[in-house]
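Have a look at target_27.cif; it's mmCIF, C-alpha atoms and all ligand atoms:
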```cif
data_run
loop_
_atom_site.label_atom_id
_atom_site.label_comp_id
_atom_site.auth_asym_id
_atom_site.auth_seq_id
_atom_site.Cartn_x
_atom_site.Cartn_y
_atom_site.Cartn_z
CA MET O 30 23.78 -0.30 -1.52
CA THR O 31 22.35 -3.85 -1.46
CA THR O 32 18.57 -4.20 -1.48
CA ILE O 33 16.89 -7.59 -1.10
CA VAL O 34 13.35 -7.96 -2.41
CA VAL O 35 11.48 -10.97 -1.01
CA GLY O 36 8.92 -12.06 -3.60
CA ALA O 37 9.12 -12.39 -7.39
CA GLY O 38 5.46 -11.69 -8.06
CA ILE O 39 4.43 -8.67 -10.06
CA LEU O 40 4.90 -6.36 -7.06
CA GLY O 41 8.38 -7.53 -6.08
CA LEU O 42 9.70 -7.49 -9.62
CA SER O 43 8.30 -4.04 -10.17
CA VAL O 44 10.17 -2.81 -7.09
CA ALA O 45 13.36 -4.42 -8.43
CA VAL O 46 13.04 -2.89 -11.92
CA HIS O 47 12.37 0.58 -10.53
CA LEU O 48 15.16 0.40 -7.93
CA LEU O 49 17.62 -0.36 -10.72
CA ARG O 50 16.18 2.35 -12.98
CA GLN O 51 16.61 4.79 -10.08
CA GLY O 52 20.28 3.90 -9.57
CA ASN O 53 20.27 1.30 -6.76
CA ASP O 54 23.44 -0.62 -7.64
CA ARG O 55 22.74 -4.10 -6.17
CA VAL O 56 19.30 -5.71 -6.10
CA VAL O 57 18.68 -9.35 -5.16
CA VAL O 58 15.20 -10.85 -5.68
CA VAL O 59 14.53 -14.00 -3.66
CA ASP O 60 11.52 -16.27 -4.10
CA ALA O 61 10.46 -19.64 -2.74
CA ALA O 62 9.33 -20.56 -6.27
CA ASN O 63 9.72 -18.99 -9.75
CA PRO O 64 8.57 -15.53 -10.91
CA ALA O 65 4.75 -15.39 -11.15
CA ASP O 66 4.26 -18.89 -9.70
CA ALA O 67 1.93 -17.65 -6.94
CA THR O 68 -1.03 -15.22 -7.06
CA THR O 69 0.35 -13.27 -10.00
CA GLY O 70 0.15 -16.32 -12.26
CA ALA O 71 -3.61 -16.46 -11.64
CA GLY O 72 -4.16 -12.73 -12.31
CA ALA O 73 -6.69 -12.07 -15.04
CA GLY O 74 -4.71 -9.19 -16.56
CA PHE O 75 -7.33 -6.44 -16.71
CA VAL O 76 -5.59 -3.06 -16.56
CA GLY O 77 -7.73 0.07 -16.51
CA LEU O 78 -8.64 3.35 -14.87
CA TRP O 79 -10.60 1.81 -11.99
CA ALA O 80 -10.49 5.07 -9.98
CA ALA O 81 -12.51 6.75 -12.77
CA GLY O 82 -15.92 5.60 -11.50
CA TYR O 83 -15.60 1.82 -11.12
CA ALA O 84 -14.10 1.73 -7.61
CA ASP O 85 -14.68 4.84 -5.53
CA PHE O 86 -12.21 3.91 -2.78
CA PHE O 87 -9.41 4.61 -5.27
CA THR O 88 -8.18 8.20 -5.47
CA ALA O 89 -6.37 10.57 -7.82
CA THR O 90 -3.06 9.07 -6.65
CA ASP O 91 -4.25 5.56 -7.56
CA LEU O 92 -5.44 6.92 -10.91
CA ALA O 93 -1.90 8.18 -11.61
CA LEU O 94 -0.62 4.67 -10.85
CA GLU O 95 -3.25 3.15 -13.16
CA GLN O 96 -2.26 5.34 -16.11
CA TYR O 97 1.39 4.63 -15.34
CA GLY O 98 0.61 0.88 -15.40
CA ILE O 99 -1.02 1.14 -18.84
CA ASP O 100 1.97 3.09 -20.20
CA PHE O 101 4.48 0.74 -18.53
CA TYR O 102 2.96 -2.42 -20.04
CA ARG O 103 2.64 -0.86 -23.49
CA GLN O 104 6.35 -0.10 -23.35
CA LEU O 105 7.19 -3.57 -21.95
CA ALA O 106 5.21 -5.07 -24.86
CA GLU O 107 7.60 -3.46 -27.35
CA GLY O 108 10.31 -5.92 -26.25
CA ALA O 109 8.34 -9.01 -25.19
CA ASP O 110 5.11 -10.82 -25.97
CA ILE O 111 3.03 -10.10 -22.87
CA GLY O 112 -0.36 -10.45 -24.60
CA CYS O 113 -0.88 -6.68 -24.44
CA ARG O 114 -3.88 -5.36 -26.35
CA THR O 115 -5.64 -1.99 -26.15
CA ASN O 116 -9.16 -3.39 -26.49
CA GLY O 117 -10.73 -0.98 -23.98
CA ASN O 118 -12.54 -1.66 -20.71
CA LEU O 119 -16.31 -2.10 -21.08
CA TYR O 120 -18.63 -1.77 -18.06
CA LEU O 121 -22.09 -3.29 -18.56
CA ALA O 122 -25.49 -3.29 -16.81
CA THR O 123 -27.98 -6.11 -17.35
CA ASP O 124 -30.92 -4.31 -15.72
CA ASP O 125 -32.04 -0.80 -14.77
CA ASP O 126 -30.94 -1.18 -11.18
CA GLY O 127 -27.44 -2.23 -12.31
CA TRP O 128 -27.35 0.74 -14.66
CA ARG O 129 -28.39 3.22 -11.97
CA ARG O 130 -26.12 1.84 -9.23
CA TRP O 131 -22.98 0.95 -11.08
CA ILE O 132 -22.76 2.19 -14.65
CA ALA O 133 -24.54 5.56 -14.96
CA PRO O 134 -22.06 7.34 -12.64
CA ILE O 135 -19.02 6.26 -14.71
CA PRO O 136 -19.27 8.74 -17.63
CA ASP O 137 -19.97 11.61 -15.19
CA HIS O 138 -17.08 10.79 -12.90
CA PRO O 139 -14.61 13.67 -12.46
CA PHE O 140 -11.75 11.34 -13.51
CA ALA O 141 -13.55 10.02 -16.61
CA PRO O 142 -11.09 10.03 -19.53
CA PRO O 143 -12.23 12.35 -22.36
CA GLU O 144 -12.70 9.46 -24.80
CA THR O 145 -15.31 7.74 -22.52
CA ARG O 146 -18.29 6.45 -24.56
CA THR O 147 -21.79 5.68 -23.29
CA LEU O 148 -23.34 2.80 -25.27
CA ASP O 149 -26.87 1.52 -25.76
CA ALA O 150 -27.54 -2.22 -25.97
CA ALA O 151 -27.08 -2.34 -29.77
CA ASP O 152 -23.77 -0.43 -29.49
CA VAL O 153 -22.61 -2.99 -26.93
CA THR O 154 -23.28 -5.82 -29.37
CA ARG O 155 -21.39 -3.90 -32.06
CA VAL O 156 -18.26 -3.12 -29.98
CA THR O 157 -18.11 -6.74 -28.84
CA ASP O 158 -18.26 -8.04 -32.45
CA GLY O 159 -21.62 -9.65 -31.69
CA ALA O 160 -20.46 -11.54 -28.59
CA VAL O 161 -22.80 -9.80 -26.10
CA ALA O 162 -26.48 -10.40 -26.89
CA THR O 163 -28.38 -7.11 -27.33
CA GLY O 164 -31.30 -8.39 -25.25
CA ALA O 165 -29.02 -9.32 -22.36
CA VAL O 166 -27.91 -5.80 -21.40
CA VAL O 167 -29.46 -2.34 -20.99
CA GLY O 168 -26.23 -0.58 -21.99
CA GLY O 169 -22.65 0.10 -21.05
CA VAL O 170 -19.75 2.52 -20.82
CA LEU O 171 -16.46 2.08 -22.65
CA HIS O 172 -13.04 3.36 -21.63
CA PRO O 173 -11.29 2.81 -24.98
CA GLY O 174 -7.75 3.26 -23.55
CA GLY O 175 -7.95 0.24 -21.20
CA ILE O 176 -5.70 -2.73 -21.90
CA GLN O 177 -5.38 -6.44 -21.16
CA ILE O 178 -2.15 -8.35 -20.61
CA SER O 179 -0.98 -11.77 -19.50
CA ALA O 180 0.07 -11.12 -15.89
CA GLY O 181 2.36 -14.15 -15.88
CA ARG O 182 4.13 -13.28 -19.12
CA ALA O 183 4.46 -9.60 -18.11
CA THR O 184 6.03 -10.62 -14.80
CA ARG O 185 8.50 -12.95 -16.49
CA ALA O 186 9.36 -10.11 -18.91
CA MET O 187 9.95 -7.86 -15.88
CA ALA O 188 12.21 -10.55 -14.39
CA ALA O 189 14.21 -10.55 -17.65
CA GLN O 190 14.36 -6.76 -17.60
CA ALA O 191 15.51 -6.73 -13.96
CA ARG O 192 18.25 -9.24 -14.82
CA ALA O 193 19.33 -7.16 -17.83
CA LEU O 194 19.60 -4.13 -15.54
CA GLY O 195 21.85 -6.11 -13.18
CA ALA O 196 19.51 -7.77 -10.66
CA GLU O 197 20.38 -11.14 -9.18
CA LEU O 198 17.38 -13.51 -9.08
CA ARG O 199 17.34 -16.38 -6.62
CA PRO O 200 14.34 -18.64 -7.29
CA HIS O 201 13.57 -21.73 -5.18
CA THR O 202 14.99 -20.03 -2.10
CA ARG O 203 12.57 -19.78 0.80
CA VAL O 204 13.23 -16.97 3.24
CA THR O 205 12.98 -18.37 6.75
CA GLY O 206 13.65 -15.23 8.80
CA LEU O 207 15.17 -11.77 9.02
CA LEU O 208 18.65 -10.83 10.25
CA THR O 209 18.56 -8.01 12.79
CA SER O 210 21.07 -5.94 14.69
CA ASP O 211 20.08 -3.42 17.40
CA GLY O 212 16.46 -3.53 16.18
CA ALA O 213 17.40 -2.80 12.55
CA VAL O 214 16.93 -5.35 9.76
CA THR O 215 20.29 -6.23 8.21
CA GLY O 216 19.39 -9.05 5.84
CA ILE O 217 17.52 -12.33 5.47
CA ARG O 218 17.85 -15.94 6.51
CA THR O 219 17.14 -18.45 3.77
CA GLU O 220 17.05 -22.20 3.54
CA HIS O 221 20.34 -21.90 1.64
CA GLY O 222 22.09 -19.54 4.08
CA ASP O 223 22.09 -15.92 5.28
CA LEU O 224 22.20 -12.90 2.98
CA PRO O 225 23.18 -9.49 4.40
CA ALA O 226 21.62 -6.32 2.95
CA ASP O 227 21.32 -2.60 3.59
CA GLN O 228 17.57 -2.79 3.14
CA VAL O 229 14.93 -5.48 2.72
CA VAL O 230 11.58 -5.13 0.96
CA LEU O 231 8.86 -7.68 1.68
CA ALA O 232 6.69 -8.12 -1.42
CA SER O 233 5.57 -11.54 -0.26
CA GLY O 234 1.85 -11.39 -1.03
CA ALA O 235 -0.35 -13.59 1.13
CA TRP O 236 2.69 -14.68 3.21
CA THR O 237 3.76 -11.14 4.23
CA ASN O 238 2.75 -11.45 7.89
CA ASP O 239 4.75 -14.67 8.35
CA LEU O 240 7.98 -12.70 7.91
CA LEU O 241 6.77 -9.50 9.57
CA ALA O 242 6.15 -11.49 12.76
CA GLU O 243 9.94 -11.68 13.07
CA VAL O 244 10.00 -7.98 13.98
CA GLY O 245 6.76 -8.12 16.01
CA TYR O 246 4.68 -6.29 13.41
CA ARG O 247 1.53 -7.23 11.49
CA VAL O 248 -0.38 -5.58 8.66
CA PRO O 249 -4.16 -6.06 8.32
CA LEU O 250 -4.58 -8.45 5.36
CA LEU O 251 -7.72 -10.38 4.52
CA ARG O 252 -6.62 -13.32 2.34
CA ILE O 253 -9.20 -14.17 -0.31
CA VAL O 254 -9.03 -17.19 -2.57
CA ALA O 255 -10.03 -15.95 -6.05
CA SER O 256 -10.77 -18.20 -9.05
CA ARG O 257 -10.31 -17.73 -12.78
CA VAL O 258 -11.79 -20.09 -15.35
CA VAL O 259 -10.32 -20.43 -18.86
CA SER O 260 -12.52 -21.80 -21.65
CA PRO O 261 -11.23 -23.64 -24.73
CA ARG O 262 -10.26 -21.79 -27.92
CA SER O 263 -13.52 -21.18 -29.79
CA GLY O 264 -12.99 -18.22 -32.09
CA VAL O 265 -13.74 -15.37 -29.65
CA SER O 266 -12.78 -12.06 -31.28
CA ALA O 267 -9.31 -10.82 -30.33
CA ARG O 268 -10.83 -7.30 -30.31
CA LEU O 269 -13.28 -8.06 -27.48
CA PRO O 270 -12.93 -5.35 -24.82
CA THR O 271 -12.39 -6.53 -21.24
CA ILE O 272 -15.90 -6.72 -19.76
CA MET O 273 -17.02 -5.96 -16.19
CA VAL O 274 -20.62 -6.57 -15.10
CA PRO O 275 -20.98 -5.33 -11.51
CA ASP O 276 -24.63 -6.45 -11.25
CA HIS O 277 -23.55 -10.07 -11.90
CA PHE O 278 -21.70 -10.19 -8.55
CA GLY O 279 -18.68 -8.43 -10.05
CA LEU O 280 -18.40 -10.59 -13.20
CA TRP O 281 -15.29 -10.00 -15.29
CA VAL O 282 -14.67 -11.70 -18.62
CA ARG O 283 -12.22 -11.21 -21.48
CA GLU O 284 -10.79 -12.95 -24.51
CA HIS O 285 -7.90 -15.33 -23.76
CA ARG O 286 -6.08 -17.13 -26.61
CA GLY O 287 -9.24 -17.41 -28.71
CA GLY O 288 -11.38 -18.50 -25.76
CA LEU O 289 -12.53 -16.63 -22.65
CA THR O 290 -11.31 -16.18 -19.10
CA TYR O 291 -13.81 -15.19 -16.44
CA GLY O 292 -14.76 -15.11 -12.77
CA ASN O 293 -16.97 -13.37 -10.23
CA GLY O 294 -17.73 -13.31 -6.51
CA ASP O 295 -19.15 -16.84 -6.66
CA GLY O 296 -15.59 -18.08 -7.16
CA TYR O 297 -14.18 -16.11 -4.20
CA ALA O 298 -14.04 -16.89 -0.48
CA PRO O 299 -11.90 -15.87 2.50
CA LEU O 300 -9.14 -18.43 2.94
CA SER O 301 -10.08 -18.75 6.61
CA ASP O 302 -13.65 -19.84 5.63
CA LEU O 303 -12.46 -22.58 3.30
CA SER O 304 -10.59 -24.94 5.59
CA GLY O 305 -7.66 -25.17 7.90
CA ARG O 306 -5.52 -26.34 4.97
CA ALA O 307 -2.18 -24.51 5.15
CA GLN O 308 -1.04 -22.81 1.96
CA PRO O 309 2.63 -23.63 1.35
CA THR O 310 4.74 -20.55 0.59
CA GLY O 311 4.51 -19.49 -3.04
CA ARG O 312 2.03 -22.21 -4.10
CA ARG O 313 -1.35 -21.44 -5.63
CA PRO O 314 -4.37 -22.80 -3.74
CA VAL O 315 -6.70 -25.50 -5.10
CA PHE O 316 -10.33 -25.29 -3.95
CA PRO O 317 -12.58 -27.05 -6.53
CA GLU O 318 -15.69 -26.24 -4.47
CA LEU O 319 -15.40 -22.61 -5.64
CA ILE O 320 -15.34 -23.73 -9.28
CA ASP O 321 -18.43 -25.87 -8.65
CA ARG O 322 -20.19 -22.82 -7.21
CA LEU O 323 -19.21 -20.74 -10.26
CA GLY O 324 -20.63 -23.47 -12.49
CA THR O 325 -23.95 -23.48 -10.67
CA LYS O 326 -24.45 -19.79 -10.06
CA LEU O 327 -22.51 -17.78 -12.63
CA VAL O 328 -22.46 -19.98 -15.72
CA PRO O 329 -26.25 -19.79 -16.47
CA ARG O 330 -26.07 -15.97 -16.34
CA LEU O 331 -22.94 -15.90 -18.48
CA ARG O 332 -24.67 -18.07 -21.10
CA LYS O 333 -27.40 -15.44 -21.45
CA LEU O 334 -24.85 -12.66 -21.79
CA LEU O 335 -22.58 -14.44 -24.32
CA PRO O 336 -24.99 -16.96 -25.95
CA ASP O 337 -22.66 -18.10 -28.77
CA ALA O 338 -19.44 -18.46 -26.78
CA ASP O 339 -18.05 -21.71 -25.39
CA ILE O 340 -17.78 -20.99 -21.66
CA SER O 341 -16.97 -24.52 -20.51
CA ALA O 342 -14.11 -24.79 -18.02
CA GLY O 343 -11.05 -25.91 -20.01
CA TYR O 344 -8.93 -25.32 -16.91
CA TRP O 345 -8.94 -23.03 -13.89
CA LEU O 346 -6.52 -21.18 -11.64
CA GLN O 347 -6.69 -19.71 -8.16
CA GLY O 348 -4.64 -17.16 -6.25
CA ILE O 349 -4.77 -15.33 -2.92
CA PRO O 350 -5.14 -11.57 -3.28
CA CYS O 351 -5.09 -9.67 0.03
CA MET O 352 -7.59 -6.97 0.97
CA THR O 353 -7.04 -4.12 3.44
CA PRO O 354 -9.68 -2.44 5.67
CA ASP O 355 -9.80 0.71 3.47
CA ARG O 356 -9.07 -1.25 0.25
CA ARG O 357 -5.94 0.79 -0.39
CA PHE O 358 -2.38 -0.47 -0.75
CA LEU O 359 0.31 -0.85 1.90
CA ALA O 360 3.66 0.57 0.77
CA GLY O 361 6.46 1.97 2.86
CA PRO O 362 8.80 1.49 5.81
CA VAL O 363 7.81 -0.78 8.69
CA PRO O 364 7.43 1.33 11.85
CA GLY O 365 10.06 0.45 14.45
CA ALA O 366 12.10 -1.74 12.08
CA PRO O 367 14.71 0.37 10.25
CA GLY O 368 15.91 -1.27 7.06
CA LEU O 369 12.60 -3.04 6.41
CA SER O 370 9.83 -1.98 3.98
CA VAL O 371 6.62 -3.64 2.81
CA LEU O 372 4.62 -3.65 -0.40
CA ALA O 373 1.40 -5.60 0.20
CA GLY O 374 -2.39 -5.36 0.40
CA ASP O 375 -2.82 -5.68 -3.37
CA ASN O 376 -6.65 -5.54 -3.12
CA GLU O 377 -6.89 -7.71 -6.21
CA ALA O 378 -5.58 -4.84 -8.27
CA GLY O 379 -1.85 -5.53 -8.22
CA VAL O 380 -1.52 -6.15 -11.93
CA THR O 381 -2.95 -2.72 -12.70
CA HIS O 382 -1.19 -0.80 -9.93
CA GLY O 383 1.94 -2.99 -9.67
CA PRO O 384 4.25 -0.92 -11.92
CA GLY O 385 3.25 2.30 -10.13
CA LEU O 386 3.52 0.75 -6.65
CA GLY O 387 6.98 -0.58 -7.48
CA ARG O 388 7.99 2.92 -8.55
CA VAL O 389 6.57 4.36 -5.31
CA VAL O 390 8.48 1.93 -3.07
CA ALA O 391 11.71 2.32 -5.04
CA GLY O 392 11.29 6.09 -4.82
CA LEU O 393 10.93 5.94 -1.03
CA LEU O 394 14.17 3.95 -0.78
CA THR O 395 16.23 5.99 -3.24
CA GLY O 396 14.74 9.40 -2.40
CA THR O 397 13.25 9.79 -5.88
CA GLU O 398 10.01 11.74 -5.63
CA TRP O 399 6.93 10.91 -7.68
CA VAL O 400 3.35 10.79 -6.35
CA ASP O 401 2.66 11.45 -2.65
CA PRO O 402 2.99 8.02 -1.01
CA GLY O 403 1.34 9.21 2.23
CA SER O 404 -1.94 7.37 1.74
CA TYR O 405 -0.13 4.00 1.47
CA ARG O 406 1.71 4.33 4.81
CA LEU O 407 1.51 1.30 7.09
CA GLU O 408 0.98 3.52 10.17
CA ARG O 409 -2.55 4.41 9.09
CA PHE O 410 -3.69 1.19 10.76
CA ASP O 411 -3.36 0.17 14.37
CA PRO O 412 -2.80 -3.60 14.04
CA ALA O 413 -4.65 -4.11 17.36
CA GLU O 414 -7.83 -2.72 15.73
CA PHE O 415 -7.99 -5.73 13.40
CA PRO O 416 -7.32 -8.80 15.52
CA THR O 417 -8.93 -11.13 12.95
CA GLU O 418 -9.43 -11.29 9.20
CA GLN O 419 -13.21 -11.09 9.83
CA ALA O 420 -12.66 -7.66 11.44
CA ILE O 421 -10.97 -6.49 8.23
CA GLN O 422 -13.85 -7.80 6.13
CA ALA O 423 -16.36 -5.94 8.30
CA ALA O 424 -14.46 -2.66 7.85
CA MET O 425 -14.01 -2.87 4.06
CA PRO O 426 -15.99 -0.39 1.95
CA ALA O 427 -18.17 -1.68 -0.91
CA ARG O 428 -16.81 -1.01 -4.39
CA ARG O 429 -18.95 2.09 -4.65
C1 LIG O 501 -8.32 -14.81 -10.16
C2 LIG O 501 -7.58 -13.50 -10.03
C3 LIG O 501 -7.83 -12.48 -10.94
C4 LIG O 501 -7.14 -11.27 -10.84
N1 LIG O 501 -7.34 -10.32 -11.78
C5 LIG O 501 -6.66 -9.16 -11.73
C6 LIG O 501 -6.82 -8.18 -12.75
O1 LIG O 501 -7.50 -8.43 -13.73
N2 LIG O 501 -6.19 -7.00 -12.62
C7 LIG O 501 -5.40 -6.71 -11.53
O2 LIG O 501 -4.89 -5.60 -11.46
N3 LIG O 501 -5.19 -7.64 -10.57
C8 LIG O 501 -5.80 -8.85 -10.65
N4 LIG O 501 -5.61 -9.80 -9.70
C9 LIG O 501 -4.74 -9.48 -8.57
C10 LIG O 501 -3.28 -9.68 -8.87
O3 LIG O 501 -3.06 -10.95 -9.44
C11 LIG O 501 -2.49 -9.52 -7.56
O4 LIG O 501 -2.78 -8.24 -7.04
C12 LIG O 501 -0.99 -9.62 -7.76
O5 LIG O 501 -0.66 -10.74 -8.52
C13 LIG O 501 -0.29 -9.71 -6.40
O6 LIG O 501 1.08 -9.81 -6.65
P1 LIG O 501 2.11 -10.09 -5.49
O7 LIG O 501 3.46 -9.88 -6.09
O8 LIG O 501 1.77 -9.27 -4.28
O9 LIG O 501 1.83 -11.59 -5.02
P2 LIG O 501 2.42 -12.99 -5.49
O10 LIG O 501 2.35 -13.18 -6.94
O11 LIG O 501 1.77 -14.01 -4.62
O12 LIG O 501 3.95 -12.89 -5.13
C14 LIG O 501 4.46 -13.04 -3.80
C15 LIG O 501 5.70 -13.88 -3.92
O13 LIG O 501 6.35 -13.92 -2.65
C16 LIG O 501 6.96 -15.17 -2.51
N5 LIG O 501 7.19 -15.43 -1.09
C17 LIG O 501 6.31 -15.30 -0.07
N6 LIG O 501 6.89 -15.62 1.10
C18 LIG O 501 8.16 -15.99 0.79
C19 LIG O 501 9.25 -16.45 1.57
N7 LIG O 501 9.16 -16.61 2.90
N8 LIG O 501 10.40 -16.75 0.95
C20 LIG O 501 10.53 -16.59 -0.41
N9 LIG O 501 9.52 -16.17 -1.19
C21 LIG O 501 8.36 -15.86 -0.59
C22 LIG O 501 5.97 -16.14 -3.13
O14 LIG O 501 6.59 -17.34 -3.55
C23 LIG O 501 5.41 -15.33 -4.28
O15 LIG O 501 6.01 -15.64 -5.52
C24 LIG O 501 -6.22 -11.06 -9.79
C25 LIG O 501 -5.95 -12.09 -8.89
C26 LIG O 501 -6.60 -13.32 -9.02
C27 LIG O 501 -6.25 -14.43 -8.09
#
```

Would you encode the structure as structure tokens?
Amino acid sequence: MTTIVVGAGILGLSVAVHLLRQGNDRVVVVDAANPADATTGAGAGFVGLWAAGYADFFTATDLALEQYGIDFYRQLAEGADIGCRTNGNLYLATDDDGWRRWIAPIPDHPFAPPETRTLDAADVTRVTDGAVATGAVVGGVLHPGGIQISAGRATRAMAAQARALGAELRPHTRVTGLLTSDGAVTGIRTEHGDLPADQVVLASGAWTNDLLAEVGYRVPLLRIVASRVVSPRSGVSARLPTIMVPDHFGLWVREHRGGLTYGNGDGYAPLSDLSGRAQPTGRRPVFPELIDRLGTKLVPRLRKLLPDADISAGYWLQGIPCMTPDRRFLAGPVPGAPGLSVLAGDNEAGVTHGPGLGRVVAGLLTGTEWVDPGSYRLERFDPAEFPTEQAIQAAMPARR
């Protein structure tokens, strides 16, 4: 059985690793660039139990994927340096309204892990080794089991693992179309020639609909350019938990090689709002105007929160996560196109859920049962209902 996976981001490589673990004998991963060159390489690497009170559109099934992701990366870290640290995920409020709206419900959430800790402002300063100023927050909640990783290094480690299990990786090979016979997909066309297969999985991120158009199908994806700033090494504690501050327009910040990496909604915009500039397959976008906006709007607030840290922009990265109307993932067979499956709609949570989603898709193809994949089915959307990316944005639920 030959399976071709199009896309060597974290989602495609996770499908490949799990297919091989589940006994699929021949897996070929094809990418226009190298593993993790696209959105995955910009991923900030926060991995946590987001369904446990941080994002209410996630469910018990997503929670199972989140815990699986944590366990998967911890195991991956035993054989490769993927920057994996169990520092915990810390959710903070900077005012009473932020506390009431975003943070107070977390410890009472039915999925809250038993080790959840509610912290006052002084506790927050203590668990951050003095990085967060006591006067800057009203309190927080800590999930001590949360981890951080380097998404790029983890993906390259998964590529090595896939190869060791027998996968063939074909980087720098752009897929230009799908081979079909009697309506079924029988392989791919590439710039270097055709490749036949028994089944094809599209894990092509922001470019998924380009290839789906070949079989007359479309999934509702809102492409968002998301920015991540990295500050110079300045002695930030390696024990710093990953920090989320919902009342600072979704601020996230964590330690990165002795400095910080951070971002928030000020550094995000729908690709369609930014310009008509085409995004070449597999290349990360470059929109400096979003970094300027972060500098003007977020940086003054971040200075108050972390007064002693160097938060200057050493360098920055951008990627294109894709949102869905219900903010849940798309994983499964493409209706009306036997032989073709999709894993897409990462909802900017593909690092966390990637290992679990790869296991789900592999399980659907090999008949290996795990969680119920029903809520990820593509058929839950009528593509005609979302003729534009703006229509998807209008339908999306808020985080809580
Ligand atoms: C700034 C930022 C911060 C983030 N932080 C987090 C976080 O903390 N935690 C978290 O869980 N998630 C986070 N994410 C989201 C996460 O990075 C994504 O969900 C994930 O990387 C998506 O992976 P992917 O494999 O779908 O996409 P990609 O990495 O884009 O992979 C798709 C691949 O398909 C290939 N491809 C496409 N079309 C073709 C073609 N025709 N032929 C050949 N190859 C093709 C591309 O070259 C590409 O390599 C963040 C994202 C960004 C941008």

**Message:** Residues within 10 Å of (-10.5, -15.2, -2.8), file coordinates, counting all atoms listed in the file: what are they? Give the list as number ranges by chain.
**Reply:** O: 251-256, 294-300, 303, 314, 319, 347-352, 377

Would you tabulate, counting only C-alpha atoms and all ligand atoms, all residues of chain O that have an atom at most 7 Å from an atom of ligand LIG 501 (chain O), showing the closest pair of atoms and their distance in Å to one decimal, sorted by chain then ascending number, as a tab-separated table?
```
residue	atom	partner	partner_atom	distance
O:Val35	CA	O:LIG501	N9	5.6
O:Gly36	CA	O:LIG501	O13	3.3
O:Ala37	CA	O:LIG501	O15	4.9
O:Gly38	CA	O:LIG501	O7	3.3
O:Ile39	CA	O:LIG501	O7	4.3
O:Leu40	CA	O:LIG501	O7	3.9
O:Gly41	CA	O:LIG501	O7	5.5
O:Val59	CA	O:LIG501	C20	5.8
O:Asp60	CA	O:LIG501	N9	3.5
O:Ala61	CA	O:LIG501	C20	3.8
O:Ala62	CA	O:LIG501	O14	5.0
O:Asn63	CA	O:LIG501	O15	6.5
O:Pro64	CA	O:LIG501	O15	6.0
O:Ala65	CA	O:LIG501	O10	5.3
O:Asp66	CA	O:LIG501	O15	5.6
O:Ala67	CA	O:LIG501	O11	4.3
O:Thr68	CA	O:LIG501	O11	3.9
O:Thr69	CA	O:LIG501	O5	3.1
O:Gly70	CA	O:LIG501	O10	6.6
O:Ala71	CA	O:LIG501	C27	4.9
O:Gly72	CA	O:LIG501	O3	3.6
O:Ala73	CA	O:LIG501	N1	3.8
O:Gly74	CA	O:LIG501	O1	4.0
O:Phe75	CA	O:LIG501	O1	3.6
O:Val76	CA	O:LIG501	N2	5.6
O:Thr202	CA	O:LIG501	C20	5.9
O:Arg203	CA	O:LIG501	N8	3.7
O:Val204	CA	O:LIG501	N8	3.6
O:Thr205	CA	O:LIG501	N7	5.7
O:Ala232	CA	O:LIG501	O8	5.8
O:Ser233	CA	O:LIG501	O13	3.5
O:Gly234	CA	O:LIG501	O8	3.9
O:Ala235	CA	O:LIG501	O11	6.1
O:Trp236	CA	O:LIG501	N6	4.8
O:Thr237	CA	O:LIG501	N6	6.3
O:Leu240	CA	O:LIG501	N7	6.5
O:Val254	CA	O:LIG501	C27	6.8
O:Ala255	CA	O:LIG501	C27	4.6
O:Ser256	CA	O:LIG501	C1	4.3
O:Arg257	CA	O:LIG501	C1	4.4
O:Gly292	CA	O:LIG501	C1	7.0
O:Thr310	CA	O:LIG501	N6	5.4
O:Gly311	CA	O:LIG501	O14	3.0
O:Arg312	CA	O:LIG501	O14	6.7
O:Leu346	CA	O:LIG501	C1	6.8
O:Gln347	CA	O:LIG501	C27	5.3
O:Gly348	CA	O:LIG501	C27	3.7
O:Ile349	CA	O:LIG501	C27	5.5
O:Pro350	CA	O:LIG501	C11	5.4
O:Ala373	CA	O:LIG501	O8	5.8
O:Asp375	CA	O:LIG501	O4	4.5
O:Asn376	CA	O:LIG501	O4	6.1
O:Glu377	CA	O:LIG501	C9	3.7
O:Ala378	CA	O:LIG501	O2	3.4
O:Gly379	CA	O:LIG501	O4	3.1
O:Val380	CA	O:LIG501	O2	3.4
O:Thr381	CA	O:LIG501	O2	3.7
O:His382	CA	O:LIG501	O2	6.3
```

**Item:** Selected residue, from O:Ile111, O:Leu49, O:Ala427, O:Gly216, that lies nearest to Phe278 of chain O when counting only C-alpha atoms
**Value:**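 Looking at the shortest contact to Phe278 of chain O, the residue is O:Ala427.
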
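The spacing separating atom CA of Gly343 of chain O from atom CA of Pro261 of chain O amounts to 5.2 Å.
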
**Message:** The residues within 12 Å of (-21.0, 9.0, -11.9), using all atoms listed in the file and the coordinates of the file, should be reported as a ChimeraX atom specification; which are they?
**Reply:** /O:80-85,128-141,147,170,429

**Length of the atom CA of Val156 of chain O to atom CA of Gln104 of chain O vector [Å]** =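 So the two atoms, atom CA of Val156 of chain O and atom CA of Gln104 of chain O, lie 25.7 Å apart.
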
**Prompt:** Distance atom CA of Asp149 of chain O-atom CA of Asn116 of chain O, one decimal place?
**Reply:**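 According to the coordinates, atom CA of Asp149 of chain O and atom CA of Asn116 of chain O are separated by 18.4 Å.
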
**Request:** Tell me, as number ranges by chain, which residues lie within 10 Å of Gln51 of chain O, counting all atoms listed in the file; anything in the same chain fewer than 4 positions away does not count.
**Result:** O: 45-47, 388, 391-392, 394-397
